[in-house]
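The structure file run.csv is reproduced below (CSV, C-alpha atoms).
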```csv
chain,number,residue,atom,x,y,z
A,1369,MET,CA,-67.4,179.5,96.8
A,1370,LYS,CA,-66.2,175.9,97.7
A,1371,GLY,CA,-63.1,176.2,95.5
A,1372,LYS,CA,-61.7,176.5,91.9
A,1373,ILE,CA,-61.6,173.7,89.3
A,1374,VAL,CA,-59.8,173.7,86.0
A,1375,GLN,CA,-60.9,171.0,83.6
A,1376,ILE,CA,-58.7,170.1,80.6
A,1377,ASN,CA,-59.7,168.5,77.3
A,1378,PRO,CA,-58.7,169.2,73.7
A,1379,VAL,CA,-62.3,169.8,72.5
A,1380,LEU,CA,-65.2,171.6,74.1
A,1381,ARG,CA,-67.8,170.9,71.4
A,1382,THR,CA,-70.9,169.1,72.7
A,1383,ASN,CA,-71.0,166.9,69.6
A,1384,THR,CA,-68.0,165.1,71.1
A,1385,SER,CA,-68.5,162.9,74.1
A,1386,THR,CA,-65.5,164.3,76.1
A,1387,GLY,CA,-66.4,167.9,75.3
A,1388,ARG,CA,-70.0,167.3,76.4
A,1389,ILE,CA,-68.9,165.5,79.6
A,1390,MET,CA,-66.5,168.3,80.5
A,1391,GLN,CA,-69.2,171.0,80.0
A,1392,GLU,CA,-71.9,169.1,81.9
A,1393,ILE,CA,-69.6,168.4,84.9
A,1394,GLY,CA,-68.6,172.1,84.9
A,1395,ALA,CA,-72.2,173.3,84.8
A,1396,LEU,CA,-73.2,171.0,87.7
A,1397,ALA,CA,-70.1,172.0,89.7
A,1398,GLU,CA,-71.0,175.7,89.4
A,1399,LYS,CA,-74.6,175.0,90.5
A,1400,ASN,CA,-73.1,173.4,93.6
A,1401,GLY,CA,-70.8,176.3,94.6
A,1402,TRP,CA,-67.6,175.7,92.7
A,1403,LYS,CA,-65.9,178.0,90.2
A,1404,ASN,CA,-65.2,176.0,87.1
A,1405,TYR,CA,-62.9,176.7,84.1
A,1406,CYS,CA,-62.8,174.7,80.9
A,1407,ALA,CA,-59.4,174.6,79.2
A,1408,TYR,CA,-59.4,173.4,75.6
A,1409,SER,CA,-57.5,173.7,72.3
A,1410,ARG,CA,-58.2,176.9,70.5
A,1411,GLY,CA,-56.5,175.5,67.4
A,1412,ARG,CA,-59.1,172.6,67.3
A,1413,ASP,CA,-62.3,174.4,68.3
A,1414,GLY,CA,-61.7,178.1,67.8
A,1415,MET,CA,-63.3,180.5,70.3
A,1416,MET,CA,-66.1,178.7,72.1
A,1417,ASN,CA,-68.7,179.7,74.6
A,1418,CYS,CA,-70.1,177.5,77.4
A,1419,THR,CA,-71.9,178.1,80.7
A,1420,THR,CA,-68.6,178.3,82.6
A,1421,GLU,CA,-65.5,180.3,82.0
A,1422,THR,CA,-63.2,179.0,79.2
A,1423,ILE,CA,-59.4,179.0,78.7
A,1424,PRO,CA,-58.5,178.6,75.0
A,1425,VAL,CA,-55.0,177.2,74.7
A,1426,GLY,CA,-52.7,177.8,71.7
A,1427,ASN,CA,-53.9,178.6,68.2
A,1428,ARG,CA,-54.0,177.0,64.7
A,1429,ILE,CA,-50.3,177.5,64.2
A,1430,SER,CA,-49.3,175.7,67.4
A,1431,THR,CA,-51.7,172.9,66.6
A,1432,ALA,CA,-50.3,172.5,63.1
A,1433,LEU,CA,-46.8,172.5,64.4
A,1434,HIS,CA,-47.7,169.9,66.9
A,1435,GLY,CA,-49.2,167.8,64.1
A,1436,LEU,CA,-45.9,168.0,62.3
A,1437,ALA,CA,-43.9,167.0,65.4
A,1438,THR,CA,-46.3,164.0,65.6
A,1439,ARG,CA,-46.1,163.0,62.0
A,1440,LEU,CA,-42.3,163.5,61.5
A,1441,ALA,CA,-40.9,162.7,64.9
A,1442,ASP,CA,-43.5,160.6,66.8
A,1443,ARG,CA,-43.6,163.2,69.7
A,1444,HIS,CA,-47.3,163.6,70.2
A,1445,GLY,CA,-48.0,165.5,73.4
A,1446,LEU,CA,-44.5,167.0,73.5
A,1447,ALA,CA,-44.9,170.0,71.3
A,1448,SER,CA,-47.0,173.2,71.8
A,1449,THR,CA,-44.5,174.1,74.5
A,1450,ARG,CA,-44.9,177.9,74.3
A,1451,ALA,CA,-48.7,177.6,74.4
A,1452,THR,CA,-48.4,175.3,77.4
A,1453,ARG,CA,-46.2,177.7,79.3
A,1454,ARG,CA,-48.8,180.4,78.7
A,1455,PHE,CA,-51.5,178.1,79.9
A,1456,VAL,CA,-49.4,177.3,83.0
A,1457,GLU,CA,-49.1,181.0,83.8
A,1458,GLN,CA,-52.9,181.2,83.7
A,1459,LEU,CA,-53.1,178.3,86.0
A,1460,ARG,CA,-50.7,180.0,88.4
A,1461,ASP,CA,-53.0,183.1,88.4
A,1462,ILE,CA,-56.1,181.0,89.0
A,1463,ASP,CA,-54.4,178.8,91.7
A,1464,PRO,CA,-56.9,176.0,91.3
A,1465,ASP,CA,-57.8,173.7,94.1
A,1466,ILE,CA,-58.4,170.8,91.6
A,1467,VAL,CA,-57.2,170.2,88.1
A,1468,HIS,CA,-59.4,167.7,86.4
A,1469,ILE,CA,-57.8,166.2,83.3
A,1470,HIS,CA,-59.9,164.4,80.7
A,1471,ASN,CA,-57.5,164.2,77.7
A,1472,ILE,CA,-54.2,166.0,77.2
A,1473,HIS,CA,-53.4,164.5,73.8
A,1474,GLY,CA,-54.9,166.2,70.8
A,1475,TYR,CA,-52.1,168.5,69.5
A,1476,PHE,CA,-52.4,171.2,72.0
A,1477,LEU,CA,-50.2,170.6,75.2
A,1478,ASP,CA,-46.7,169.7,76.2
A,1479,TYR,CA,-47.4,167.3,79.0
A,1480,ARG,CA,-43.9,167.7,80.5
A,1481,VAL,CA,-44.5,171.4,81.1
A,1482,LEU,CA,-48.0,170.8,82.5
A,1483,PHE,CA,-46.9,168.1,84.9
A,1484,ASP,CA,-43.9,170.0,86.0
A,1485,TYR,CA,-46.3,172.7,87.1
A,1486,LEU,CA,-48.7,170.2,88.7
A,1487,SER,CA,-46.0,168.5,90.7
A,1488,HIS,CA,-45.0,171.8,92.3
A,1489,SER,CA,-48.5,173.2,92.8
A,1490,ARG,CA,-50.9,172.7,95.6
A,1491,ALA,CA,-53.7,171.4,93.3
A,1492,LYS,CA,-55.2,168.0,93.7
A,1493,VAL,CA,-55.4,166.2,90.3
A,1494,ILE,CA,-58.2,164.0,89.0
A,1495,TRP,CA,-57.6,162.2,85.7
A,1496,THR,CA,-60.7,160.8,83.9
A,1497,VAL,CA,-59.3,158.0,81.6
A,1498,HIS,CA,-61.2,157.9,78.3
A,1499,ASP,CA,-58.6,155.9,76.4
A,1500,CYS,CA,-55.2,154.2,76.8
A,1501,TRP,CA,-52.9,156.9,75.4
A,1502,LEU,CA,-51.7,158.0,78.8
A,1503,PHE,CA,-49.9,154.7,79.6
A,1504,THR,CA,-48.7,153.6,76.2
A,1505,GLY,CA,-45.8,154.8,74.1
A,1506,HIS,CA,-48.0,155.7,71.2
A,1507,CYS,CA,-51.4,154.3,70.6
A,1508,TYR,CA,-54.9,155.1,72.0
A,1509,TYR,CA,-55.9,151.4,72.0
A,1510,TYR,CA,-54.0,148.2,71.6
A,1511,SER,CA,-56.8,145.6,71.8
A,1512,TYR,CA,-57.3,145.1,68.1
A,1513,ILE,CA,-53.7,143.9,67.6
A,1514,GLY,CA,-53.4,142.3,71.1
A,1515,CYS,CA,-50.3,144.2,72.2
A,1516,ASN,CA,-49.2,144.1,75.8
A,1517,ARG,CA,-45.8,145.8,75.6
A,1518,TRP,CA,-47.2,148.7,77.6
A,1519,GLN,CA,-47.3,146.5,80.7
A,1520,GLU,CA,-43.5,146.6,80.9
A,1521,GLU,CA,-42.1,149.1,78.4
A,1522,CYS,CA,-43.3,150.0,74.9
A,1523,HIS,CA,-40.9,149.5,72.0
A,1524,ASP,CA,-41.0,148.7,68.3
A,1525,CYS,CA,-44.7,149.9,68.2
A,1526,PRO,CA,-46.7,147.9,65.7
A,1527,GLN,CA,-49.1,150.8,65.4
A,1528,HIS,CA,-46.8,153.8,65.1
A,1529,GLY,CA,-48.4,154.5,61.7
A,1530,ALA,CA,-51.9,154.6,63.3
A,1531,PHE,CA,-53.4,157.6,65.0
A,1532,PRO,CA,-51.7,159.7,66.2
A,1533,ARG,CA,-49.7,158.8,63.1
A,1534,SER,CA,-46.0,158.9,62.8
A,1535,ILE,CA,-44.8,158.6,59.2
A,1536,PHE,CA,-41.1,157.8,59.6
A,1537,VAL,CA,-40.1,157.4,63.2
A,1538,ASP,CA,-41.0,155.0,66.0
A,1539,ARG,CA,-40.1,156.6,69.4
A,1540,SER,CA,-42.5,154.5,71.4
A,1541,ARG,CA,-39.9,153.5,74.0
A,1542,ARG,CA,-38.8,157.1,74.5
A,1543,ASN,CA,-42.4,158.3,74.7
A,1544,PHE,CA,-43.2,155.6,77.2
A,1545,ILE,CA,-40.3,156.6,79.5
A,1546,ASP,CA,-41.2,160.3,79.2
A,1547,LYS,CA,-44.9,159.6,80.1
A,1548,ARG,CA,-44.0,157.4,83.0
A,1549,ARG,CA,-41.6,160.0,84.4
A,1550,ALA,CA,-44.0,162.9,84.0
A,1551,PHE,CA,-47.3,161.3,85.0
A,1552,THR,CA,-45.8,159.6,88.1
A,1553,SER,CA,-44.1,162.8,89.3
A,1554,LEU,CA,-47.1,163.6,91.5
A,1555,PRO,CA,-47.3,161.9,94.9
A,1556,VAL,CA,-49.9,159.2,95.1
A,1557,ASP,CA,-52.0,161.3,97.6
A,1558,ARG,CA,-52.3,164.1,95.1
A,1559,MET,CA,-53.7,162.3,92.0
A,1560,THR,CA,-56.8,160.2,91.7
A,1561,ILE,CA,-57.4,158.1,88.5
A,1562,ILE,CA,-61.0,157.8,87.3
A,1563,PRO,CA,-61.4,155.0,84.8
A,1564,VAL,CA,-64.8,155.2,83.2
A,1565,SER,CA,-65.2,151.4,83.0
A,1566,GLU,CA,-64.2,148.4,85.1
A,1567,TRP,CA,-62.3,147.1,82.0
A,1568,MET,CA,-60.1,150.3,82.0
A,1569,LYS,CA,-59.5,150.0,85.8
A,1570,ASP,CA,-58.2,146.4,85.2
A,1571,GLU,CA,-55.9,147.7,82.4
A,1572,LEU,CA,-54.6,150.6,84.5
A,1573,SER,CA,-53.9,148.1,87.3
A,1574,SER,CA,-51.2,146.6,85.0
A,1575,SER,CA,-49.7,150.0,84.0
A,1576,PHE,CA,-47.2,152.3,85.6
A,1577,LEU,CA,-50.1,154.2,87.2
A,1578,LYS,CA,-51.2,151.2,89.3
A,1579,ASP,CA,-50.1,152.7,92.6
A,1580,TYR,CA,-52.5,155.7,92.3
A,1581,PRO,CA,-56.0,155.5,93.9
A,1582,MET,CA,-58.7,154.6,91.4
A,1583,GLN,CA,-62.4,155.0,91.4
A,1584,VAL,CA,-64.7,153.9,88.5
A,1585,ILE,CA,-67.2,156.6,87.5
A,1586,HIS,CA,-69.2,155.6,84.4
A,1587,ASN,CA,-70.1,158.2,81.9
A,1588,GLY,CA,-73.6,159.7,82.0
A,1589,ILE,CA,-75.9,161.1,79.4
A,1590,ASP,CA,-78.8,163.6,79.2
A,1591,THR,CA,-81.7,161.2,79.5
A,1592,ASP,CA,-84.2,164.0,78.9
A,1593,VAL,CA,-82.7,164.7,75.4
A,1594,PHE,CA,-82.1,161.0,74.7
A,1595,SER,CA,-85.6,159.7,75.2
A,1596,PRO,CA,-88.0,157.6,73.1
A,1597,ARG,CA,-89.4,159.5,70.1
A,1598,ARG,CA,-91.9,158.3,67.6
A,1599,ASN,CA,-91.2,160.3,64.5
A,1600,THR,CA,-91.5,158.7,61.1
A,1601,SER,CA,-90.1,161.8,59.3
A,1602,VAL,CA,-86.6,160.4,59.9
A,1603,ARG,CA,-87.6,157.3,57.9
A,1604,LYS,CA,-89.0,159.5,55.1
A,1605,ALA,CA,-85.8,161.6,55.0
A,1606,LEU,CA,-83.8,158.4,54.5
A,1607,GLY,CA,-86.3,156.8,52.1
A,1608,ILE,CA,-86.9,153.8,54.4
A,1609,SER,CA,-90.4,152.4,54.5
A,1610,ASP,CA,-92.2,151.8,57.8
A,1611,ASP,CA,-92.0,148.0,57.5
A,1612,LYS,CA,-88.2,147.9,57.3
A,1613,LYS,CA,-86.1,147.0,60.3
A,1614,ILE,CA,-83.3,149.5,60.9
A,1615,ILE,CA,-80.0,148.3,62.1
A,1616,LEU,CA,-78.2,151.4,63.4
A,1617,GLY,CA,-74.5,152.1,63.9
A,1618,LEU,CA,-72.8,155.3,64.9
A,1619,ALA,CA,-69.2,156.5,65.2
A,1620,SER,CA,-67.3,159.8,65.1
A,1621,ILE,CA,-64.7,158.3,62.8
A,1622,TRP,CA,-65.5,155.0,61.0
A,1623,SER,CA,-62.7,152.5,60.7
A,1624,ARG,CA,-62.2,148.7,60.8
A,1625,GLU,CA,-61.6,149.0,64.6
A,1626,LYS,CA,-65.0,150.6,64.9
A,1627,GLY,CA,-66.6,147.8,62.9
A,1628,LEU,CA,-67.0,149.3,59.5
A,1629,ASP,CA,-65.8,146.2,57.7
A,1630,ASP,CA,-68.2,144.1,59.9
A,1631,PHE,CA,-71.1,146.3,58.9
A,1632,ILE,CA,-70.2,145.8,55.2
A,1633,ALA,CA,-70.0,142.1,55.7
A,1634,MET,CA,-73.4,142.1,57.5
A,1635,SER,CA,-74.9,144.0,54.6
A,1636,ARG,CA,-74.4,141.0,52.4
A,1637,LEU,CA,-76.5,138.9,54.7
A,1638,LEU,CA,-79.6,141.2,55.0
A,1639,ALA,CA,-83.1,140.1,54.3
A,1640,ASP,CA,-85.4,142.3,52.1
A,1641,ASP,CA,-87.0,143.9,55.2
A,1642,GLU,CA,-83.7,144.9,56.8
A,1643,VAL,CA,-81.5,148.0,56.2
A,1644,ILE,CA,-78.3,149.3,57.9
A,1645,VAL,CA,-78.0,153.0,58.7
A,1646,LEU,CA,-74.6,154.3,59.7
A,1647,VAL,CA,-74.2,157.8,61.2
A,1648,GLY,CA,-70.9,159.7,61.1
A,1649,VAL,CA,-69.8,158.7,57.6
A,1650,ASP,CA,-67.6,161.0,55.7
A,1651,SER,CA,-67.9,161.4,51.9
A,1652,ASP,CA,-64.9,159.1,51.1
A,1653,THR,CA,-66.3,156.3,53.3
A,1654,ALA,CA,-69.8,156.7,51.9
A,1655,ARG,CA,-68.5,156.0,48.4
A,1656,ARG,CA,-67.2,152.6,49.6
A,1657,LEU,CA,-70.5,151.5,51.1
A,1658,PRO,CA,-72.9,149.1,49.3
A,1659,ALA,CA,-76.4,150.2,48.5
A,1660,SER,CA,-77.8,148.2,51.4
A,1661,ILE,CA,-76.2,150.6,53.8
A,1662,ARG,CA,-77.6,154.1,54.2
A,1663,SER,CA,-75.2,156.7,55.5
A,1664,ILE,CA,-75.5,160.0,57.3
A,1665,GLU,CA,-72.7,162.5,57.9
A,1666,ARG,CA,-71.7,163.5,61.4
A,1667,THR,CA,-74.4,165.6,63.1
A,1668,SER,CA,-74.6,167.8,66.1
A,1669,ASP,CA,-78.4,167.6,66.1
A,1670,VAL,CA,-79.1,165.5,69.1
A,1671,GLY,CA,-82.8,165.5,68.4
A,1672,GLN,CA,-82.2,163.8,65.1
A,1673,LEU,CA,-79.9,161.3,66.8
A,1674,ALA,CA,-82.6,160.5,69.4
A,1675,GLU,CA,-85.1,160.0,66.6
A,1676,LEU,CA,-82.7,157.6,64.8
A,1677,TYR,CA,-82.1,155.6,68.0
A,1678,SER,CA,-85.8,155.4,68.7
A,1679,GLU,CA,-86.6,154.2,65.2
A,1680,ALA,CA,-84.0,151.4,65.1
A,1681,THR,CA,-84.8,147.8,65.8
A,1682,ALA,CA,-81.4,147.5,67.5
A,1683,PHE,CA,-78.3,149.6,67.9
A,1684,VAL,CA,-75.3,147.5,66.8
A,1685,ASN,CA,-71.8,148.4,68.1
A,1686,PRO,CA,-69.2,146.0,66.6
A,1687,THR,CA,-66.3,147.8,68.0
A,1688,TRP,CA,-63.0,146.0,68.4
A,1689,GLN,CA,-61.6,148.3,71.0
A,1690,ASP,CA,-63.4,150.7,73.3
A,1691,ASN,CA,-63.7,151.9,76.8
A,1692,TYR,CA,-67.3,152.8,77.8
A,1693,PRO,CA,-69.0,154.0,74.7
A,1694,THR,CA,-71.8,156.6,75.4
A,1695,VAL,CA,-73.6,155.6,72.1
A,1696,ASN,CA,-74.7,152.4,73.9
A,1697,LEU,CA,-76.2,154.5,76.7
A,1698,GLU,CA,-77.9,156.9,74.3
A,1699,ALA,CA,-79.5,154.1,72.4
A,1700,MET,CA,-80.9,152.4,75.5
A,1701,SER,CA,-82.1,155.7,76.9
A,1702,CYS,CA,-84.1,156.0,73.6
A,1703,GLY,CA,-85.6,152.6,74.2
A,1704,THR,CA,-83.5,150.6,71.8
A,1705,PRO,CA,-81.6,147.4,72.7
A,1706,VAL,CA,-77.8,147.3,72.1
A,1707,VAL,CA,-75.9,144.4,70.4
A,1708,THR,CA,-72.1,144.6,70.8
A,1709,TYR,CA,-69.0,142.6,70.6
A,1710,ARG,CA,-67.3,141.4,73.8
A,1711,THR,CA,-65.0,144.3,73.7
A,1712,GLY,CA,-63.5,146.3,76.6
A,1713,GLY,CA,-66.1,148.2,78.6
A,1714,SER,CA,-68.7,148.2,75.8
A,1715,VAL,CA,-70.3,145.1,77.5
A,1716,GLU,CA,-70.7,146.9,80.9
A,1717,SER,CA,-73.9,148.8,79.8
A,1718,ILE,CA,-75.6,145.6,78.6
A,1719,ASP,CA,-78.2,144.1,80.9
A,1720,GLY,CA,-80.1,140.8,80.4
A,1721,THR,CA,-83.5,142.4,80.9
A,1722,THR,CA,-83.2,144.9,78.1
A,1723,GLY,CA,-83.1,142.6,75.1
A,1724,GLY,CA,-79.5,143.4,74.2
A,1725,ALA,CA,-76.8,140.9,73.5
A,1726,ILE,CA,-73.0,140.4,73.6
A,1727,VAL,CA,-71.4,138.6,70.7
A,1728,GLU,CA,-67.9,137.3,70.3
A,1729,GLN,CA,-65.6,139.6,68.2
A,1730,GLY,CA,-65.8,138.9,64.4
A,1731,ASP,CA,-69.1,136.9,64.6
A,1732,VAL,CA,-71.1,139.0,62.1
A,1733,GLN,CA,-73.7,136.4,61.7
A,1734,GLY,CA,-74.1,136.4,65.5
A,1735,LEU,CA,-74.7,140.1,65.5
A,1736,LEU,CA,-77.4,139.8,62.8
A,1737,SER,CA,-79.0,136.8,64.6
A,1738,ALA,CA,-79.2,138.8,67.8
A,1739,VAL,CA,-80.9,141.7,65.9
A,1740,ARG,CA,-83.4,139.4,64.4
A,1741,GLN,CA,-84.2,137.9,67.8
A,1742,ILE,CA,-85.0,141.4,69.0
A,1743,GLY,CA,-87.1,142.2,65.9
A,1744,SER,CA,-89.1,139.0,66.3
A,1745,ALA,CA,-90.3,140.1,69.7
A,1746,GLY,CA,-91.9,143.2,68.3
A,1747,ARG,CA,-90.9,146.7,67.3
A,1748,TYR,CA,-91.1,148.2,70.8
A,1749,ALA,CA,-91.0,145.0,72.9
A,1750,PHE,CA,-87.9,146.2,74.9
A,1751,SER,CA,-88.4,149.9,74.8
A,1752,ASP,CA,-89.8,150.3,78.4
A,1753,ALA,CA,-87.1,148.0,79.9
A,1754,CYS,CA,-84.3,149.9,78.1
A,1755,ARG,CA,-85.6,153.2,79.2
A,1756,ARG,CA,-86.0,152.1,82.8
A,1757,PHE,CA,-82.5,150.7,82.9
A,1758,ALA,CA,-81.1,154.0,81.4
A,1759,LEU,CA,-82.9,156.1,84.0
A,1760,ASP,CA,-81.6,153.9,86.8
A,1761,ASN,CA,-78.0,153.8,85.6
A,1762,PHE,CA,-77.1,156.5,83.0
A,1763,ARG,CA,-78.5,159.8,84.3
A,1764,LYS,CA,-75.8,162.4,84.0
A,1765,GLU,CA,-76.9,164.2,87.2
A,1766,GLU,CA,-76.2,161.1,89.2
A,1767,ARG,CA,-73.0,160.0,87.5
A,1768,TYR,CA,-71.5,163.5,87.6
A,1769,ASN,CA,-72.5,164.0,91.2
A,1770,ASN,CA,-70.0,161.3,91.9
A,1771,TYR,CA,-67.3,163.8,90.8
A,1772,LEU,CA,-68.7,166.5,93.1
A,1773,GLU,CA,-68.5,164.1,96.0
A,1774,LEU,CA,-64.9,163.4,95.1
A,1775,TYR,CA,-64.1,167.1,94.8
A,1776,ASP,CA,-65.5,167.7,98.2
A,1777,GLU,CA,-63.6,164.8,99.6
A,1778,LEU,CA,-60.3,166.0,98.1
A,1779,ILE,CA,-60.4,169.6,99.4
A,1780,ARG,CA,-61.1,168.3,102.9
A,1781,LYS,CA,-57.8,166.4,102.9
A,1782,PRO,CA,-54.7,168.2,103.9
```
Taking this structure as input, can you express it in the form of structure tokens?
Amino acid sequence: MKGKIVQINPVLRTNTSTGRIMQEIGALAEKNGWKNYCAYSRGRDGMMNCTTETIPVGNRISTALHGLATRLADRHGLASTRATRRFVEQLRDIDPDIVHIHNIHGYFLDYRVLFDYLSHSRAKVIWTVHDCWLFTGHCYYYSYIGCNRWQEECHDCPQHGAFPRSIFVDRSRRNFIDKRRAFTSLPVDRMTIIPVSEWMKDELSSSFLKDYPMQVIHNGIDTDVFSPRRNTSVRKALGISDDKKIILGLASIWSREKGLDDFIAMSRLLADDEVIVLVGVDSDTARRLPASIRSIERTSDVGQLAELYSEATAFVNPTWQDNYPTVNLEAMSCGTPVVTYRTGGSVESIDGTTGGAIVEQGDVQGLLSAVRQIGSAGRYAFSDACRRFALDNFRKEERYNNYLELYDELIRKP
């Protein structure tokens, strides 16, 4: 055995991008001689099985109390203290060589307790950065409102009512100070930051974590699962005729920041042979949508997703704030060009040879024009180019092997 790894993320479910990434890295690590553990929130996911050993943290009560601390006192990541202490005792028993953090927000850990342990342990720490929460006083993203207070010190947060929502209190300054103290408690030679996009690396370089070594590792996907499929049954199920062009969008939670309002605006501009299909729509959101938008609830059926991607003329991602969305990768791996706003790391998966396009934020007509240009070239005109680009750049085996190389490098260092 090369050594022991403990990965940490609030969810383990494979229908979430971070849960799937954690599981896939763990499985590859075990194949290459590592012992891997996946720690996750029991209160969020219940008792879960995966191919490596799991460490469920907390329970529904600790998760609910953490939610109250967030809503009433704006102290997200600072509750679940007893559950975190129990988790730390398990870490002491395991004595990991590497602790690989994905997300520690999500109503299940007290980061002060965790980082007090990490700062006194022998473990090397890797932190894969999936969003901005770790270096702000409250929010997951700030691009939509153009806030840069995190570069100096957060205060008077304009988004304290946004997820993770605080109803009454704004403690963004106190949260910022607490995070900075905890997360910089590790010496710079014991923690490596892994932004998943060049954009995120640039943002981190202006944060209080700027002195830590950084290495960009893009997300990967299962290119065998997400592959071109020609199955008209998905059209029949949605009542969409074969001559209609499908404009596809997907999000785990639809919001204005994810581009929901932009899709609604686009729906007013559609021609008779065009239809929008949105995946991940809850019942409340579905009632708001016009008839020109077909909606599908969130699904864990990756085969159905691959069929939807494959049938679409284009995958449209009008996100206003994002890191390195895996949905772009999945669409291209299924042979479908991607049209996206010039947002964060969403542009980093777009290549000029694959028929995709980058549009300025808010230019709904520009999105639709790009889709129509793709459609005018023919239904599968860019399918082979998208697929080749995905195989060359998005294969999970190659991306996650970068982590194994980093693991090997870290344990060789004194």
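Proximity of A:Ala1407, A:Asp1640, A:Ile1742, A:Ala1699 to Ile1608 of chain A, computed with only C-alpha atoms, is greatest for A:Asp1640.
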The residue from A:Met1582, A:Leu1482, A:Val1493, A:Ile1614 with the smallest atom-to-atom distance to Ser1678 of chain A, counting only C-alpha atoms, is A:Ile1614
Could you pull the residues within 10 Å of Val1715 of chain A, counting all atoms listed in the file, minus those fewer than 5 positions along the same chain, as a PyMOL selection string?
chain A and resi 1565+1567+1690-1693+1696+1706-1710+1724-1727
Coordinates-based distance that separates atom CA of Arg1533 of chain A from atom CA of Ser1487 of chain A (Å, one decimal):
29.5 Å
Could you tell me how far atom CA of Gly1730 of chain A sits from atom CA of Arg1656 of chain A, in Å to one decimal place?
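That distance, rounded to one decimal, is 20.2 Å.
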Take the point (-62.4, 165.8, 94.5) in the file's coordinates, draw a sphere of radius 9 Å around it, and report as a JSON list (two decimals) with C-alpha atoms, in the frame of the given file every protein, DNA or RNA residue with an atom inside or on it, counting all atoms listed in the file.
```json
[["chain", "number", "residue", "atom", "x", "y", "z"],
["A", 1466, "ILE", "CA", -58.40, 170.80, 91.60],
["A", 1468, "HIS", "CA", -59.40, 167.70, 86.40],
["A", 1492, "LYS", "CA", -55.20, 168.00, 93.70],
["A", 1493, "VAL", "CA", -55.40, 166.20, 90.30],
["A", 1494, "ILE", "CA", -58.20, 164.00, 89.00],
["A", 1560, "THR", "CA", -56.80, 160.20, 91.70],
["A", 1771, "TYR", "CA", -67.30, 163.80, 90.80],
["A", 1772, "LEU", "CA", -68.70, 166.50, 93.10],
["A", 1773, "GLU", "CA", -68.50, 164.10, 96.00],
["A", 1774, "LEU", "CA", -64.90, 163.40, 95.10],
["A", 1775, "TYR", "CA", -64.10, 167.10, 94.80],
["A", 1776, "ASP", "CA", -65.50, 167.70, 98.20],
["A", 1777, "GLU", "CA", -63.60, 164.80, 99.60],
["A", 1778, "LEU", "CA", -60.30, 166.00, 98.10],
["A", 1779, "ILE", "CA", -60.40, 169.60, 99.40],
["A", 1780, "ARG", "CA", -61.10, 168.30, 102.90]]
```
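With distances restricted to only C-alpha atoms, A:Thr1591 is the closest residue to Met1700 of chain A from A:Asn1543, A:Thr1591, A:Thr1504, A:Ser1574.
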Could you tell me how far atom CA of Gly1648 of chain A sits from atom CA of His1434 of chain A, in Å to one decimal place?
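A separation of 26.0 Å between them.
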A:Val1497, A:Ile1589, A:Ile1718, A:Val1739: which is nearest Cys1754 of chain A, counting only C-alpha atoms?
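Checking each of A:Val1497, A:Ile1589, A:Ile1718, A:Val1739 against Cys1754 of chain A, counting only C-alpha atoms, the winner is A:Ile1718.
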